[in-house]
Amino acid sequence: MTGTPFSVATRTTGSGAVVTVEGELDVATAPRLRAAVDAVTLGTGQLLVVDLAGVTFCDSSGISALIAARNLAEAAGAGVALAAVPARLSRTFALIGLADFFPTYPSAEDALRD
């Protein structure tokens with residue numbers, strides 16, 4: 001781990017919400033992602049986009065937080081997408097059988113356009 005400061009920011013769009021994560025997504029910071037996602041209001045047919053472009057590390061707690069985000073979106077009748085997934089995390093998803101679990105896009109804007 002590099003000690004990169006962690007941040008999570010949320011913005012609302014006409015299509016739903018974008019949650020942007022930066023830094024290390026791990027056991028210490030995953031609760032902050034969960035809290036940010038819990039605070040988002042989603043309606044049926046909307047989309048929750050989690051932008052991971054700035055994520056420098058992700059452990060199992062971070063992956064669990066992403067799965068929880070997916071579950072929350074689906075419970076609201078909304079979709080979920082991951083944007084700008086770092087290559088290392090994409091490989092991890094493939095290794096643990098989650099490669100097709102999340103729709104992924106090169107950027108949050110691409111996810112919102114789809």
# chains A, B, ... in the order shown; residues from 1 in each chain; ligands from 1
>>> closest_atom_pairs(of="segment 52-79 of chain A", to="segment 105-109 of chain A", cutoff="12 Å", atoms="only C-alpha atoms", output="CSV")
residue,atom,partner,partner_atom,distance
A:Leu52,CA,A:Ser107,CA,9.0
A:Ala53,CA,A:Ser107,CA,8.0
A:Gly54,CA,A:Ser107,CA,11.6
>>> residues_around(residues="Thr44 of chain A", least_positions_apart="6", cutoff="10 Å", atoms="only C-alpha atoms", output="PDB file with all heavy atoms, in the first residue's frame")
ATOM      1  N   GLY A  16     -28.907   9.217 -12.632  1.00  0.00           N
ATOM      2  CA  GLY A  16     -28.640   8.545 -11.365  1.00  0.00           C
ATOM      3  C   GLY A  16     -27.527   9.244 -10.607  1.00  0.00           C
ATOM      4  O   GLY A  16     -27.500  10.456 -10.518  1.00  0.00           O
ATOM      5  N   ALA A  73     -28.329  -0.903  -5.279  1.00  0.00           N
ATOM      6  CA  ALA A  73     -28.904  -0.376  -6.525  1.00  0.00           C
ATOM      7  C   ALA A  73     -30.019  -1.293  -7.023  1.00  0.00           C
ATOM      8  O   ALA A  73     -31.095  -0.815  -7.394  1.00  0.00           O
ATOM      9  CB  ALA A  73     -27.817  -0.227  -7.588  1.00  0.00           C
ATOM     10  N   GLU A  74     -29.759  -2.585  -7.023  1.00  0.00           N
ATOM     11  CA  GLU A  74     -30.775  -3.524  -7.508  1.00  0.00           C
ATOM     12  C   GLU A  74     -32.025  -3.509  -6.638  1.00  0.00           C
ATOM     13  O   GLU A  74     -33.138  -3.623  -7.146  1.00  0.00           O
ATOM     14  CB  GLU A  74     -30.190  -4.925  -7.610  1.00  0.00           C
ATOM     15  CG  GLU A  74     -29.228  -5.055  -8.777  1.00  0.00           C
ATOM     16  CD  GLU A  74     -28.740  -6.474  -8.990  1.00  0.00           C
ATOM     17  OE1 GLU A  74     -28.940  -7.345  -8.109  1.00  0.00           O
ATOM     18  OE2 GLU A  74     -28.150  -6.709 -10.057  1.00  0.00           O
ATOM     19  N   ALA A  75     -31.861  -3.342  -5.334  1.00  0.00           N
ATOM     20  CA  ALA A  75     -33.016  -3.267  -4.433  1.00  0.00           C
ATOM     21  C   ALA A  75     -33.876  -2.043  -4.740  1.00  0.00           C
ATOM     22  O   ALA A  75     -35.085  -2.062  -4.521  1.00  0.00           O
ATOM     23  CB  ALA A  75     -32.558  -3.238  -2.980  1.00  0.00           C
ATOM     24  N   ALA A  76     -33.258  -0.995  -5.270  1.00  0.00           N
ATOM     25  CA  ALA A  76     -33.984   0.227  -5.631  1.00  0.00           C
ATOM     26  C   ALA A  76     -34.537   0.169  -7.057  1.00  0.00           C
ATOM     27  O   ALA A  76     -35.137   1.124  -7.526  1.00  0.00           O
ATOM     28  CB  ALA A  76     -33.059   1.442  -5.491  1.00  0.00           C
ATOM     29  N   GLY A  77     -34.304  -0.952  -7.755  1.00  0.00           N
ATOM     30  CA  GLY A  77     -34.754  -1.062  -9.135  1.00  0.00           C
ATOM     31  C   GLY A  77     -33.837  -0.337 -10.105  1.00  0.00           C
ATOM     32  O   GLY A  77     -34.221  -0.038 -11.233  1.00  0.00           O
ATOM     33  N   ALA A  78     -32.632  -0.035  -9.656  1.00  0.00           N
ATOM     34  CA  ALA A  78     -31.659   0.688 -10.477  1.00  0.00           C
ATOM     35  C   ALA A  78     -30.570  -0.271 -10.948  1.00  0.00           C
ATOM     36  O   ALA A  78     -30.453  -1.394 -10.456  1.00  0.00           O
ATOM     37  CB  ALA A  78     -31.044   1.830  -9.664  1.00  0.00           C
ATOM     38  N   GLY A  79     -29.762   0.200 -11.871  1.00  0.00           N
ATOM     39  CA  GLY A  79     -28.626  -0.576 -12.334  1.00  0.00           C
ATOM     40  C   GLY A  79     -27.356  -0.073 -11.680  1.00  0.00           C
ATOM     41  O   GLY A  79     -27.346   0.944 -10.989  1.00  0.00           O
TER      42      GLY A  79
END
>>> closest_residue(among="A:Ser60, A:Ala83, A:Arg113, A:Arg70", to="Ile96 of chain A", atoms="only C-alpha atoms")
A:Ser60
>>> residues_around(residues="Thr92 of chain A", least_positions_apart="4", cutoff="12 Å", atoms="only C-alpha atoms", output="compact mmCIF listing (two decimals) with N, CA, C and O atoms, in the first residue's frame")
# COMPACT_ATOMS: atom_id res chain seq x y z
N PHE A 57 -5.44 0.69 -4.84
CA PHE A 57 -5.40 -0.63 -4.21
C PHE A 57 -6.82 -0.99 -3.81
O PHE A 57 -7.59 -0.12 -3.41
N CYS A 58 -7.15 -2.28 -3.90
CA CYS A 58 -8.47 -2.74 -3.46
C CYS A 58 -8.33 -4.13 -2.88
O CYS A 58 -7.84 -5.04 -3.55
N ASP A 59 -8.76 -4.30 -1.63
CA ASP A 59 -8.73 -5.62 -1.01
C ASP A 59 -10.14 -6.20 -0.98
O ASP A 59 -11.08 -5.65 -1.58
N SER A 60 -10.29 -7.31 -0.31
CA SER A 60 -11.59 -8.01 -0.27
C SER A 60 -12.68 -7.15 0.37
O SER A 60 -13.84 -7.25 -0.01
N GLY A 62 -12.95 -3.93 0.03
CA GLY A 62 -13.37 -3.02 -1.04
C GLY A 62 -14.28 -3.72 -2.03
O GLY A 62 -15.29 -3.15 -2.47
N ILE A 63 -13.93 -4.95 -2.39
CA ILE A 63 -14.76 -5.72 -3.31
C ILE A 63 -16.13 -5.97 -2.69
O ILE A 63 -17.16 -5.84 -3.34
N VAL A 85 -12.11 0.92 -14.36
CA VAL A 85 -11.59 -0.09 -13.43
C VAL A 85 -10.10 -0.30 -13.72
O VAL A 85 -9.73 -0.62 -14.85
N PRO A 86 -9.24 -0.12 -12.72
CA PRO A 86 -7.81 -0.34 -12.93
C PRO A 86 -7.54 -1.78 -13.37
O PRO A 86 -8.24 -2.71 -12.97
N ALA A 87 -6.53 -1.96 -14.20
CA ALA A 87 -6.20 -3.29 -14.76
C ALA A 87 -6.01 -4.34 -13.67
O ALA A 87 -6.48 -5.47 -13.80
N ARG A 88 -5.34 -3.97 -12.60
CA ARG A 88 -5.09 -4.94 -11.52
C ARG A 88 -6.41 -5.42 -10.91
O ARG A 88 -6.58 -6.60 -10.63
N ILE A 96 -11.54 -14.18 -9.38
CA ILE A 96 -12.50 -14.61 -8.37
C ILE A 96 -13.90 -14.83 -8.94
O ILE A 96 -14.85 -15.06 -8.20
N GLY A 97 -14.03 -14.76 -10.25
CA GLY A 97 -15.30 -15.06 -10.90
C GLY A 97 -16.28 -13.90 -10.97
O GLY A 97 -17.48 -14.12 -11.15
N LEU A 98 -15.80 -12.69 -10.83
CA LEU A 98 -16.69 -11.52 -10.88
C LEU A 98 -16.54 -10.71 -12.17
O LEU A 98 -17.07 -9.60 -12.26
N ALA A 99 -15.85 -11.24 -13.15
CA ALA A 99 -15.59 -10.49 -14.38
C ALA A 99 -16.89 -10.03 -15.06
O ALA A 99 -16.93 -8.95 -15.64
>>> closest_atom_pairs(of="segment 28-108 of chain A", to="segment 4-11 of chain A", cutoff="12 Å", atoms="only C-alpha atoms", output="Markdown table")
| residue | atom | partner | partner_atom | distance |
| --- | --- | --- | --- | --- |
| A:Ala28 | CA | A:Phe6 | CA | 9.7 |
| A:Thr29 | CA | A:Phe6 | CA | 7.1 |
| A:Ala30 | CA | A:Phe6 | CA | 9.9 |
| A:Pro31 | CA | A:Val8 | CA | 10.8 |
| A:Arg32 | CA | A:Val8 | CA | 7.3 |
| A:Leu33 | CA | A:Val8 | CA | 6.5 |
| A:Arg34 | CA | A:Val8 | CA | 10.0 |
| A:Ala35 | CA | A:Val8 | CA | 9.7 |
| A:Ala36 | CA | A:Thr10 | CA | 7.2 |
| A:Val37 | CA | A:Thr10 | CA | 8.4 |
| A:Asp38 | CA | A:Thr10 | CA | 11.1 |
| A:Ala39 | CA | A:Thr10 | CA | 9.2 |
| A:Val40 | CA | A:Thr10 | CA | 8.0 |
| A:Thr41 | CA | A:Thr10 | CA | 11.0 |
| A:Leu48 | CA | A:Thr10 | CA | 10.2 |
| A:Val49 | CA | A:Thr10 | CA | 9.7 |
| A:Val50 | CA | A:Thr10 | CA | 9.2 |
| A:Asp51 | CA | A:Val8 | CA | 9.7 |
| A:Leu52 | CA | A:Val8 | CA | 10.0 |
| A:Ala53 | CA | A:Val8 | CA | 11.7 |
| A:Gly54 | CA | A:Ser7 | CA | 9.3 |
| A:Val55 | CA | A:Phe6 | CA | 8.6 |
| A:Thr56 | CA | A:Thr4 | CA | 7.5 |
| A:Phe57 | CA | A:Thr4 | CA | 9.1 |
| A:Cys58 | CA | A:Phe6 | CA | 11.5 |
| A:Ala108 | CA | A:Arg11 | CA | 11.1 |
>>> atom_distance(atom1="atom CA of Leu42 of chain A", atom2="atom CA of Ala84 of chain A")
21.5 Å
>>> atom_distance(atom1="atom CA of Gly14 of chain A", atom2="atom CA of Asp114 of chain A")
13.3 Å
